[in-house]
Amino acid sequence: MSSRLFTIYKWSLFESIKSRRFLIVMVAYGLSIVMGMLAQGLGSFKTTFAQASLLLHAVYSSGMWVTFATVFGALILAVDAISGEREKRTLPLVLSQPITRAEFIMGKSLAIITALCLATITAHVILILAAISIFQLTPPPDILSASLYCAIPGLLFATTVSSLSILFSTLSRKTISALMATLVFVIAIGPILNVCAPLIASAIVGPPPERPVQPGYVVITNTSVNVSIPPIQPPESELVKEWKQWYSRYSAVRDAISAISPFYHAEQCFHIVAFGASSSIEVSSFTEGNSSTEVSIDFATIIDKTAPHLLALIVYTVVPFLLATVSFMKQEEAIA
Amino acid sequence: MSYVVETWELTKVFKKGHVKAVDAVNLRIPKGAIYGLLGHNGAGKTTLLHLLMGMLLPTAGGGTVVGYDMVKESSLVRKSVGFMPENYGLYDYMKVDEFLEYLADLNGIPRSAAKTTIRMLLEEFNLWDHHSKKCGQLSRGMRQKLLVISMLLKEPELLIMDEPTLGLDPLAAREFKELIVRLSAKEGKTIIFSTHLLQEIGGLCSHVGIMYMGKLLIQGEVENIKKRFLKKQGYMITVEAHPLDEAYKLLGDQLQEQVALNRGRILIYAHSDVREAIFDLLASHGIKVRDLHLEIPSLEQIFHKYYRGEC
């Protein structure tokens, strides 16, 4: 079994990497990096950011663009995995060789996922190198490896979209149908759910109770420093307790609805990483008043916060992959 | 008799639409035969061939292909049988030699041995000059040859081809027929092919099977099928004699069969082969017999009779 699966994997990977499509994906990644950096206007941060933070921020402020490039790459490389074979009428030829359907779809899927992961890793390395050269940074090795570690959300998102594309490709007779289904599921559902989730959550949980007056923060402002003084907490009233209970239910339902979309999890990961970097920088600026001071970024917290989303992305990779395999094994009309 | 392919009540019902694509088929294909599976589009030929290759699981029944159980040992069947699918689906972006190496790899043929065999086969089929071309650049005839090579790579005992002459020009179709004969006669391979183009298989098949609505209506050696058909449908004997009117009158009076005159020939519809009796009768009356022959039905005629339910 393993040798035949490896044969399919090897040939499919070879096919993916040497195809013009792989080049298109790499160009898309390159463009996303440039677009991301231009859109974020990172040059303006240079004077206030610490070096390591700047690097991380530079990399992950482009995250959204890289995410789009990942979706594009997955669509280009994976969406015709099976439907393309059907359209080209090559499926009967392959399935008449001594391989099983499971070996075929698994070998092919793994090859596509590997190709996309290679493209993603290359894009992240280029991103880091670009950030280093643009901002003339000399990052310590641990920060560099940590940044590479943070490529994991991008990598997992790539596997998720590939897996979903392969599932839709298996279920569709035409590649265009698989393409539309993947686009709708990955891209359209994400933003739509983000907008609809609060409304649906309100409808499910019910209207909020009367909102209690929140004890405010006292903010002292001058031209360069913002200082927040924690307020003195009064004992919680029944109203506050009730409101808090409602809010926790509401936010749980809202997040659960948003979590249906894999795009949401990728977005959250990128946000957490980029925000983690930014918040470290603010502390640095406030305490030292000097942007050139190196700060230690709290990777433990970043990893801790991204973990559930990474787990969700793993589920989104494994489940469609298994569904695609089972579905392909049972499809009788696929070749008839 | 040993059969290369033998099935028992082989049935395939597709869940989608509850279509009975193959209905209790008992296929018997002897070693060395050129077996033509005839039937209109949708008769179930392709599904039957896919079942034989273990690419589909039967709903009921079973069988053996080259000695292996087509369900339990389907992988071994696919390793030992060459299959040419309908429509010549190839990986158009692959080069010819890459494509063959890929298939050799899937069949577990060692790389060095595969390279030697590929070169030998490409030269034999006059495709070596095109070995670095992409499959998409090949003509339909060349694509067909390439698929034949892909089958021969694994040195199979049995070759199964699904509509191999579809879309070929007359020259390529003739080349294909010659190839089939060569593979069968010189290399002793058993060949099964499906077709709905009846005129193309005349004189090529040693055995045929006629499929209709998933059922195998009739199968066997071509000559036996024709004999059986004649026995069932009656014999038509044509006589050209001189003087014609006298011969017609004599045959009409003396024979207990139906006799008709048509365009200067006498047609006799008989229940048995009465050629000898006719000759003797005419000769005894001094009538010259210029031609006396039995009309042998073509496969096409037999096929259409079966199709219309007249058999």
# chains A, B, ... in the order shown; residues from 1 in each chain; ligands from 1
>>> closest_atom_pairs(of="chain A", to="chain B", cutoff="12 Å", atoms="only C-alpha atoms", output="JSON lines")
{"residue": "A:Met1", "atom": "CA", "partner": "B:Ser75", "partner_atom": "CA", "distance": 10.8}
{"residue": "A:Ser2", "atom": "CA", "partner": "B:Leu106", "partner_atom": "CA", "distance": 11.6}
{"residue": "A:Ser3", "atom": "CA", "partner": "B:Gly108", "partner_atom": "CA", "distance": 8.6}
{"residue": "A:Arg4", "atom": "CA", "partner": "B:Leu106", "partner_atom": "CA", "distance": 6.2}
{"residue": "A:Leu5", "atom": "CA", "partner": "B:Leu106", "partner_atom": "CA", "distance": 9.0}
{"residue": "A:Phe6", "atom": "CA", "partner": "B:Leu106", "partner_atom": "CA", "distance": 9.6}
{"residue": "A:Thr7", "atom": "CA", "partner": "B:Leu106", "partner_atom": "CA", "distance": 6.5}
{"residue": "A:Ile8", "atom": "CA", "partner": "B:Leu106", "partner_atom": "CA", "distance": 7.6}
{"residue": "A:Tyr9", "atom": "CA", "partner": "B:Leu106", "partner_atom": "CA", "distance": 11.0}
{"residue": "A:Lys10", "atom": "CA", "partner": "B:Tyr102", "partner_atom": "CA", "distance": 9.9}
{"residue": "A:Trp11", "atom": "CA", "partner": "B:Tyr102", "partner_atom": "CA", "distance": 7.2}
{"residue": "A:Ser12", "atom": "CA", "partner": "B:Tyr102", "partner_atom": "CA", "distance": 10.1}
{"residue": "A:Phe14", "atom": "CA", "partner": "B:Met94", "partner_atom": "CA", "distance": 10.9}
{"residue": "A:Glu15", "atom": "CA", "partner": "B:Met94", "partner_atom": "CA", "distance": 8.5}
{"residue": "A:Ser16", "atom": "CA", "partner": "B:Tyr93", "partner_atom": "CA", "distance": 11.1}
{"residue": "A:Lys18", "atom": "CA", "partner": "B:Tyr93", "partner_atom": "CA", "distance": 10.5}
{"residue": "A:Ser19", "atom": "CA", "partner": "B:Tyr93", "partner_atom": "CA", "distance": 8.7}
{"residue": "A:Arg20", "atom": "CA", "partner": "B:Tyr93", "partner_atom": "CA", "distance": 10.7}
{"residue": "A:Gly84", "atom": "CA", "partner": "B:Tyr91", "partner_atom": "CA", "distance": 10.6}
{"residue": "A:Glu85", "atom": "CA", "partner": "B:Tyr91", "partner_atom": "CA", "distance": 8.9}
{"residue": "A:Arg86", "atom": "CA", "partner": "B:Gly89", "partner_atom": "CA", "distance": 9.4}
{"residue": "A:Glu87", "atom": "CA", "partner": "B:Gly89", "partner_atom": "CA", "distance": 9.3}
{"residue": "A:Lys88", "atom": "CA", "partner": "B:Gly89", "partner_atom": "CA", "distance": 6.1}
{"residue": "A:Arg89", "atom": "CA", "partner": "B:Gly89", "partner_atom": "CA", "distance": 4.8}
{"residue": "A:Thr90", "atom": "CA", "partner": "B:Gly89", "partner_atom": "CA", "distance": 4.6}
{"residue": "A:Leu91", "atom": "CA", "partner": "B:Gly89", "partner_atom": "CA", "distance": 8.0}
{"residue": "A:Pro92", "atom": "CA", "partner": "B:Pro85", "partner_atom": "CA", "distance": 6.1}
{"residue": "A:Leu93", "atom": "CA", "partner": "B:Pro85", "partner_atom": "CA", "distance": 6.0}
{"residue": "A:Val94", "atom": "CA", "partner": "B:Leu103", "partner_atom": "CA", "distance": 8.2}
{"residue": "A:Leu95", "atom": "CA", "partner": "B:Met55", "partner_atom": "CA", "distance": 6.4}
{"residue": "A:Ser96", "atom": "CA", "partner": "B:Arg78", "partner_atom": "CA", "distance": 5.8}
{"residue": "A:Gln97", "atom": "CA", "partner": "B:Arg78", "partner_atom": "CA", "distance": 5.4}
{"residue": "A:Pro98", "atom": "CA", "partner": "B:Ser75", "partner_atom": "CA", "distance": 4.9}
{"residue": "A:Ile99", "atom": "CA", "partner": "B:Ser75", "partner_atom": "CA", "distance": 6.7}
{"residue": "A:Thr100", "atom": "CA", "partner": "B:Ser75", "partner_atom": "CA", "distance": 7.6}
{"residue": "A:Arg101", "atom": "CA", "partner": "B:Met55", "partner_atom": "CA", "distance": 9.0}
{"residue": "A:Glu103", "atom": "CA", "partner": "B:Leu106", "partner_atom": "CA", "distance": 10.9}
{"residue": "A:Phe104", "atom": "CA", "partner": "B:Leu106", "partner_atom": "CA", "distance": 10.3}
{"residue": "A:Gly107", "atom": "CA", "partner": "B:Leu106", "partner_atom": "CA", "distance": 11.9}
{"residue": "A:Met329", "atom": "CA", "partner": "B:Leu56", "partner_atom": "CA", "distance": 10.1}
{"residue": "A:Lys330", "atom": "CA", "partner": "B:Leu56", "partner_atom": "CA", "distance": 9.6}
{"residue": "A:Gln331", "atom": "CA", "partner": "B:Leu56", "partner_atom": "CA", "distance": 9.3}
{"residue": "A:Glu332", "atom": "CA", "partner": "B:Leu56", "partner_atom": "CA", "distance": 6.5}
{"residue": "A:Glu333", "atom": "CA", "partner": "B:Phe14", "partner_atom": "CA", "distance": 7.5}
{"residue": "A:Ala334", "atom": "CA", "partner": "B:Leu56", "partner_atom": "CA", "distance": 10.0}
{"residue": "A:Ile335", "atom": "CA", "partner": "B:Met55", "partner_atom": "CA", "distance": 8.4}
{"residue": "A:Ala336", "atom": "CA", "partner": "B:Thr47", "partner_atom": "CA", "distance": 6.1}
>>> residues_around(residues="B:Arg263", least_positions_apart="5", cutoff="12 Å", atoms="only C-alpha atoms", output="list in words")
Thr238, Val239, Glu240 and Leu244 of chain B
>>> write_last_selection(atoms="N, CA, C and O atoms", output="mmCIF file, in the first residue's frame")
data_model
loop_
_atom_site.group_PDB
_atom_site.id
_atom_site.type_symbol
_atom_site.label_atom_id
_atom_site.label_comp_id
_atom_site.auth_asym_id
_atom_site.auth_seq_id
_atom_site.Cartn_x
_atom_site.Cartn_y
_atom_site.Cartn_z
ATOM 1 N N THR B 238 -29.906 -18.877 -52.323
ATOM 2 C CA THR B 238 -30.063 -18.152 -53.582
ATOM 3 C C THR B 238 -29.617 -19.071 -54.732
ATOM 4 O O THR B 238 -28.561 -19.712 -54.639
ATOM 5 N N VAL B 239 -30.433 -19.093 -55.768
ATOM 6 C CA VAL B 239 -30.109 -19.947 -56.923
ATOM 7 C C VAL B 239 -30.137 -19.093 -58.197
ATOM 8 O O VAL B 239 -31.067 -18.309 -58.392
ATOM 9 N N GLU B 240 -29.107 -19.248 -59.002
ATOM 10 C CA GLU B 240 -29.125 -18.656 -60.349
ATOM 11 C C GLU B 240 -29.032 -19.835 -61.321
ATOM 12 O O GLU B 240 -28.063 -20.615 -61.259
ATOM 13 N N LEU B 244 -34.392 -19.988 -66.210
ATOM 14 C CA LEU B 244 -34.824 -19.531 -64.876
ATOM 15 C C LEU B 244 -36.269 -19.912 -64.547
ATOM 16 O O LEU B 244 -36.553 -20.420 -63.458
#
>>> closest_residue(among="B:Leu159, B:Val66, B:Ile201, B:Ile287", to="B:His242", atoms="only C-alpha atoms")
B:Ile287
>>> residues_around(residues="B:His196", least_positions_apart="2", cutoff="10 Å", atoms="only C-alpha atoms", output="number ranges by chain")
B: 36-41, 43, 45, 163, 165-166, 194, 198-201, 210
>>> write_last_selection(atoms="C-alpha atoms", output="compact mmCIF listing (two decimals), in the first residue's frame")
# COMPACT_ATOMS: atom_id res chain seq x y z
CA GLY B 36 -16.32 -8.54 -29.29
CA LEU B 37 -18.84 -7.19 -26.83
CA LEU B 38 -21.57 -5.63 -28.92
CA GLY B 39 -24.30 -3.32 -27.85
CA HIS B 40 -25.75 0.12 -28.31
CA ASN B 41 -24.77 3.02 -26.07
CA ALA B 43 -26.30 -1.38 -23.06
CA LYS B 45 -20.75 -2.76 -21.92
CA GLU B 163 -14.68 1.21 -27.62
CA THR B 165 -12.17 2.21 -32.61
CA LEU B 166 -14.32 5.15 -31.57
CA SER B 194 -16.56 -3.44 -26.70
CA LEU B 198 -20.67 -3.45 -35.88
CA GLN B 199 -19.28 -3.02 -39.36
CA GLU B 200 -15.80 -2.58 -37.85
CA ILE B 201 -15.62 -5.97 -36.21
CA ILE B 210 -24.49 -9.16 -27.60
>>> select_by_dssp(residues="stretch 55-248 of chain B", states="helix (DSSP H, G or I)", output="VMD selection string")
chain B and resid 74 to 80 86 to 88 96 to 106 111 to 124 128 to 130 135 to 137 140 to 152 170 to 185 198 to 200 222 to 233 244 to 248
>>> atom_distance(atom1="atom CA of A:Ser327", atom2="atom CA of A:Val184")
20.5 Å
>>> residues_around(residues="A:Phe72", least_positions_apart="5", cutoff="9 Å", atoms="only C-alpha atoms", output="PDB file with C-alpha atoms, in the first residue's frame")
ATOM      1  CA  VAL A  25       0.771  30.648  -6.816  1.00  0.00           C
ATOM      2  CA  ALA A  28       0.373  35.503  -5.969  1.00  0.00           C
ATOM      3  CA  THR A  67      -4.246  34.323   3.624  1.00  0.00           C
ATOM      4  CA  LEU A  77      -3.651  23.584  -7.076  1.00  0.00           C
TER       5      LEU A  77
END
>>> residues_around(residues="B:Met142", least_positions_apart="2", cutoff="12 Å", atoms="only C-alpha atoms", output="count of residues only")
31
>>> select_by_dssp(residues="stretch 98-195 of chain B", states="strand (DSSP E or B)", output="list in words")
Lys134, Leu158, Leu159, Ile160, Met161, Asp162, Thr190, Ile191, Ile192, Phe193, Ser194 and Thr195 of chain B
>>> residues_around(residues="B:Pro243", least_positions_apart="2", cutoff="12 Å", atoms="only C-alpha atoms", output="list in words")
Val239, Glu240, Ala241, Asp245, Glu246, Ala247, Tyr248, Lys249, Leu250, Gly264, Arg265, Ile266, Leu282, Ala283, His285, Gly286, Ile287, Lys288, Val289 and Arg290 of chain B
>>> write_last_selection(atoms="all heavy atoms", output="short mmCIF file (atom, residue, chain, number, x, y, z; two decimals), in the first residue's frame")
data_model
loop_
_atom_site.label_atom_id
_atom_site.label_comp_id
_atom_site.auth_asym_id
_atom_site.auth_seq_id
_atom_site.Cartn_x
_atom_site.Cartn_y
_atom_site.Cartn_z
N VAL B 239 -30.43 -19.09 -55.77
CA VAL B 239 -30.11 -19.95 -56.92
C VAL B 239 -30.14 -19.09 -58.20
O VAL B 239 -31.07 -18.31 -58.39
CB VAL B 239 -31.13 -21.11 -57.08
CG1 VAL B 239 -30.72 -22.03 -58.23
CG2 VAL B 239 -31.28 -21.89 -55.79
N GLU B 240 -29.11 -19.25 -59.00
CA GLU B 240 -29.13 -18.66 -60.35
C GLU B 240 -29.03 -19.83 -61.32
O GLU B 240 -28.06 -20.62 -61.26
CB GLU B 240 -27.94 -17.70 -60.54
CG GLU B 240 -28.18 -16.35 -59.88
CD GLU B 240 -27.05 -15.38 -60.14
OE1 GLU B 240 -26.53 -15.35 -61.27
OE2 GLU B 240 -26.67 -14.68 -59.18
N ALA B 241 -30.04 -19.97 -62.13
CA ALA B 241 -30.07 -21.14 -63.01
C ALA B 241 -30.59 -20.77 -64.40
O ALA B 241 -31.18 -19.70 -64.59
CB ALA B 241 -30.98 -22.21 -62.39
N ASP B 245 -37.17 -19.66 -65.54
CA ASP B 245 -38.59 -19.92 -65.27
C ASP B 245 -38.86 -21.39 -64.97
O ASP B 245 -39.63 -21.74 -64.08
CB ASP B 245 -39.44 -19.48 -66.47
CG ASP B 245 -39.44 -17.98 -66.62
OD1 ASP B 245 -39.11 -17.30 -65.61
OD2 ASP B 245 -39.73 -17.47 -67.71
N GLU B 246 -38.19 -22.24 -65.78
CA GLU B 246 -38.35 -23.68 -65.60
C GLU B 246 -37.83 -24.11 -64.22
O GLU B 246 -38.47 -24.91 -63.51
CB GLU B 246 -37.55 -24.41 -66.70
CG GLU B 246 -38.00 -25.82 -66.92
CD GLU B 246 -37.23 -26.52 -68.04
OE1 GLU B 246 -36.94 -25.83 -69.07
OE2 GLU B 246 -36.90 -27.68 -67.86
N ALA B 247 -36.68 -23.56 -63.85
CA ALA B 247 -36.10 -23.88 -62.53
C ALA B 247 -37.01 -23.42 -61.41
O ALA B 247 -37.25 -24.15 -60.43
CB ALA B 247 -34.73 -23.21 -62.41
N TYR B 248 -37.58 -22.22 -61.58
CA TYR B 248 -38.47 -21.65 -60.55
C TYR B 248 -39.71 -22.52 -60.37
O TYR B 248 -40.12 -22.83 -59.24
CB TYR B 248 -38.85 -20.22 -60.96
CG TYR B 248 -39.87 -19.58 -60.06
CD1 TYR B 248 -39.63 -19.37 -58.71
CD2 TYR B 248 -41.11 -19.18 -60.57
CE1 TYR B 248 -40.59 -18.78 -57.89
CE2 TYR B 248 -42.08 -18.60 -59.76
CZ TYR B 248 -41.80 -18.40 -58.42
OH TYR B 248 -42.74 -17.82 -57.60
N LYS B 249 -40.28 -22.93 -61.50
CA LYS B 249 -41.49 -23.76 -61.46
C LYS B 249 -41.19 -25.12 -60.80
O LYS B 249 -41.94 -25.56 -59.92
CB LYS B 249 -42.01 -23.97 -62.89
CG LYS B 249 -43.41 -24.51 -62.96
CD LYS B 249 -43.92 -24.46 -64.39
CE LYS B 249 -45.31 -25.03 -64.51
NZ LYS B 249 -45.45 -26.38 -64.04
N LEU B 250 -40.06 -25.69 -61.20
CA LEU B 250 -39.68 -27.00 -60.67
C LEU B 250 -39.46 -26.96 -59.16
O LEU B 250 -39.98 -27.81 -58.42
CB LEU B 250 -38.40 -27.47 -61.39
CG LEU B 250 -37.85 -28.83 -60.97
CD1 LEU B 250 -38.80 -29.95 -61.41
CD2 LEU B 250 -36.47 -29.08 -61.56
N GLY B 264 -33.99 -11.89 -61.21
CA GLY B 264 -33.26 -12.92 -61.96
C GLY B 264 -32.65 -14.01 -61.09
O GLY B 264 -31.82 -14.78 -61.55
N ARG B 265 -33.09 -14.05 -59.83
CA ARG B 265 -32.59 -15.10 -58.93
C ARG B 265 -33.76 -15.75 -58.21
O ARG B 265 -34.78 -15.11 -57.98
CB ARG B 265 -31.62 -14.52 -57.89
CG ARG B 265 -30.33 -14.00 -58.52
CD ARG B 265 -29.43 -13.44 -57.47
NE ARG B 265 -30.12 -12.44 -56.64
CZ ARG B 265 -29.60 -11.89 -55.55
NH1 ARG B 265 -28.39 -12.27 -55.15
NH2 ARG B 265 -30.25 -11.01 -54.88
N ILE B 266 -33.54 -17.00 -57.84
CA ILE B 266 -34.59 -17.69 -57.07
C ILE B 266 -34.16 -17.70 -55.61
O ILE B 266 -33.02 -18.06 -55.28
CB ILE B 266 -34.78 -19.15 -57.58
CG1 ILE B 266 -35.12 -19.13 -59.07
CG2 ILE B 266 -35.83 -19.88 -56.76
CD1 ILE B 266 -34.91 -20.46 -59.75
N LEU B 282 -32.31 -29.90 -59.80
CA LEU B 282 -32.12 -29.11 -61.02
C LEU B 282 -31.28 -29.88 -62.04
O LEU B 282 -31.60 -29.90 -63.24
CB LEU B 282 -31.46 -27.77 -60.69
CG LEU B 282 -32.32 -26.79 -59.85
CD1 LEU B 282 -31.51 -25.56 -59.48
CD2 LEU B 282 -33.59 -26.38 -60.59
N ALA B 283 -30.24 -30.55 -61.57
CA ALA B 283 -29.35 -31.28 -62.47
C ALA B 283 -30.09 -32.43 -63.14
O ALA B 283 -29.91 -32.68 -64.34
CB ALA B 283 -28.14 -31.79 -61.70
N HIS B 285 -33.05 -32.52 -64.02
CA HIS B 285 -33.94 -32.01 -65.05
C HIS B 285 -33.18 -31.22 -66.12
O HIS B 285 -33.77 -30.48 -66.91
CB HIS B 285 -35.05 -31.13 -64.44
CG HIS B 285 -36.08 -31.93 -63.70
ND1 HIS B 285 -35.88 -32.43 -62.43
CD2 HIS B 285 -37.32 -32.36 -64.08
CE1 HIS B 285 -36.93 -33.11 -62.03
NE2 HIS B 285 -37.84 -33.09 -63.04
N GLY B 286 -31.91 -31.35 -66.15
CA GLY B 286 -31.09 -30.73 -67.19
C GLY B 286 -30.99 -29.22 -67.10
O GLY B 286 -30.67 -28.54 -68.06
N ILE B 287 -31.26 -28.70 -65.92
CA ILE B 287 -31.17 -27.24 -65.73
C ILE B 287 -29.75 -26.89 -65.23
O ILE B 287 -29.24 -27.52 -64.30
CB ILE B 287 -32.24 -26.75 -64.71
CG1 ILE B 287 -33.63 -27.01 -65.30
CG2 ILE B 287 -32.06 -25.27 -64.38
CD1 ILE B 287 -34.76 -26.82 -64.34
N LYS B 288 -29.16 -25.88 -65.91
CA LYS B 288 -27.81 -25.49 -65.55
C LYS B 288 -27.83 -24.61 -64.29
O LYS B 288 -28.58 -23.65 -64.23
CB LYS B 288 -27.17 -24.69 -66.68
CG LYS B 288 -26.67 -25.54 -67.83
CD LYS B 288 -25.96 -24.66 -68.85
CE LYS B 288 -25.56 -25.50 -70.04
NZ LYS B 288 -25.10 -24.65 -71.15
N VAL B 289 -27.02 -24.99 -63.35
CA VAL B 289 -26.95 -24.20 -62.10
C VAL B 289 -25.71 -23.29 -62.17
O VAL B 289 -24.59 -23.77 -62.28
CB VAL B 289 -26.85 -25.12 -60.86
CG1 VAL B 289 -26.74 -24.29 -59.58
CG2 VAL B 289 -28.07 -26.03 -60.79
N ARG B 290 -25.96 -21.99 -62.22
CA ARG B 290 -24.84 -21.06 -62.31
C ARG B 290 -24.31 -20.67 -60.92
O ARG B 290 -23.13 -20.46 -60.73
CB ARG B 290 -25.28 -19.78 -63.04
CG ARG B 290 -25.43 -20.01 -64.52
CD ARG B 290 -25.89 -18.73 -65.19
NE ARG B 290 -26.08 -18.94 -66.61
CZ ARG B 290 -26.80 -18.17 -67.38
NH1 ARG B 290 -27.42 -17.12 -66.85
NH2 ARG B 290 -26.93 -18.41 -68.65
#
>>> residues_around(residues="B:Asp23", least_positions_apart="2", cutoff="9 Å", atoms="only C-alpha atoms", output="short mmCIF file (atom, residue, chain, number, x, y, z; two decimals) with C-alpha atoms, in the first residue's frame")
data_model
loop_
_atom_site.label_atom_id
_atom_site.label_comp_id
_atom_site.auth_asym_id
_atom_site.auth_seq_id
_atom_site.Cartn_x
_atom_site.Cartn_y
_atom_site.Cartn_z
CA GLU B 9 -24.94 -13.99 -12.60
CA LEU B 10 -22.86 -10.83 -12.50
CA THR B 11 -25.13 -7.92 -11.66
CA LYS B 12 -24.55 -4.24 -11.08
CA VAL B 13 -27.26 -1.87 -9.90
CA LYS B 20 -29.59 -2.12 -13.49
CA ALA B 21 -26.57 -1.57 -15.70
CA VAL B 25 -24.42 -11.80 -16.94
CA GLY B 44 -23.97 -1.88 -20.07
CA MET B 213 -30.31 -3.32 -21.45
CA GLY B 214 -27.66 -4.88 -19.22
CA LYS B 215 -28.41 -8.42 -20.32
CA LEU B 216 -26.12 -10.65 -22.36
#
>>> closest_residue(among="A:Ile187, A:Val319, A:Leu311, A:Ala197", to="A:Ser163", atoms="only C-alpha atoms")
A:Val319
>>> atom_distance(atom1="atom CA of B:Gly63", atom2="atom CA of B:Ile29")
11.6 Å
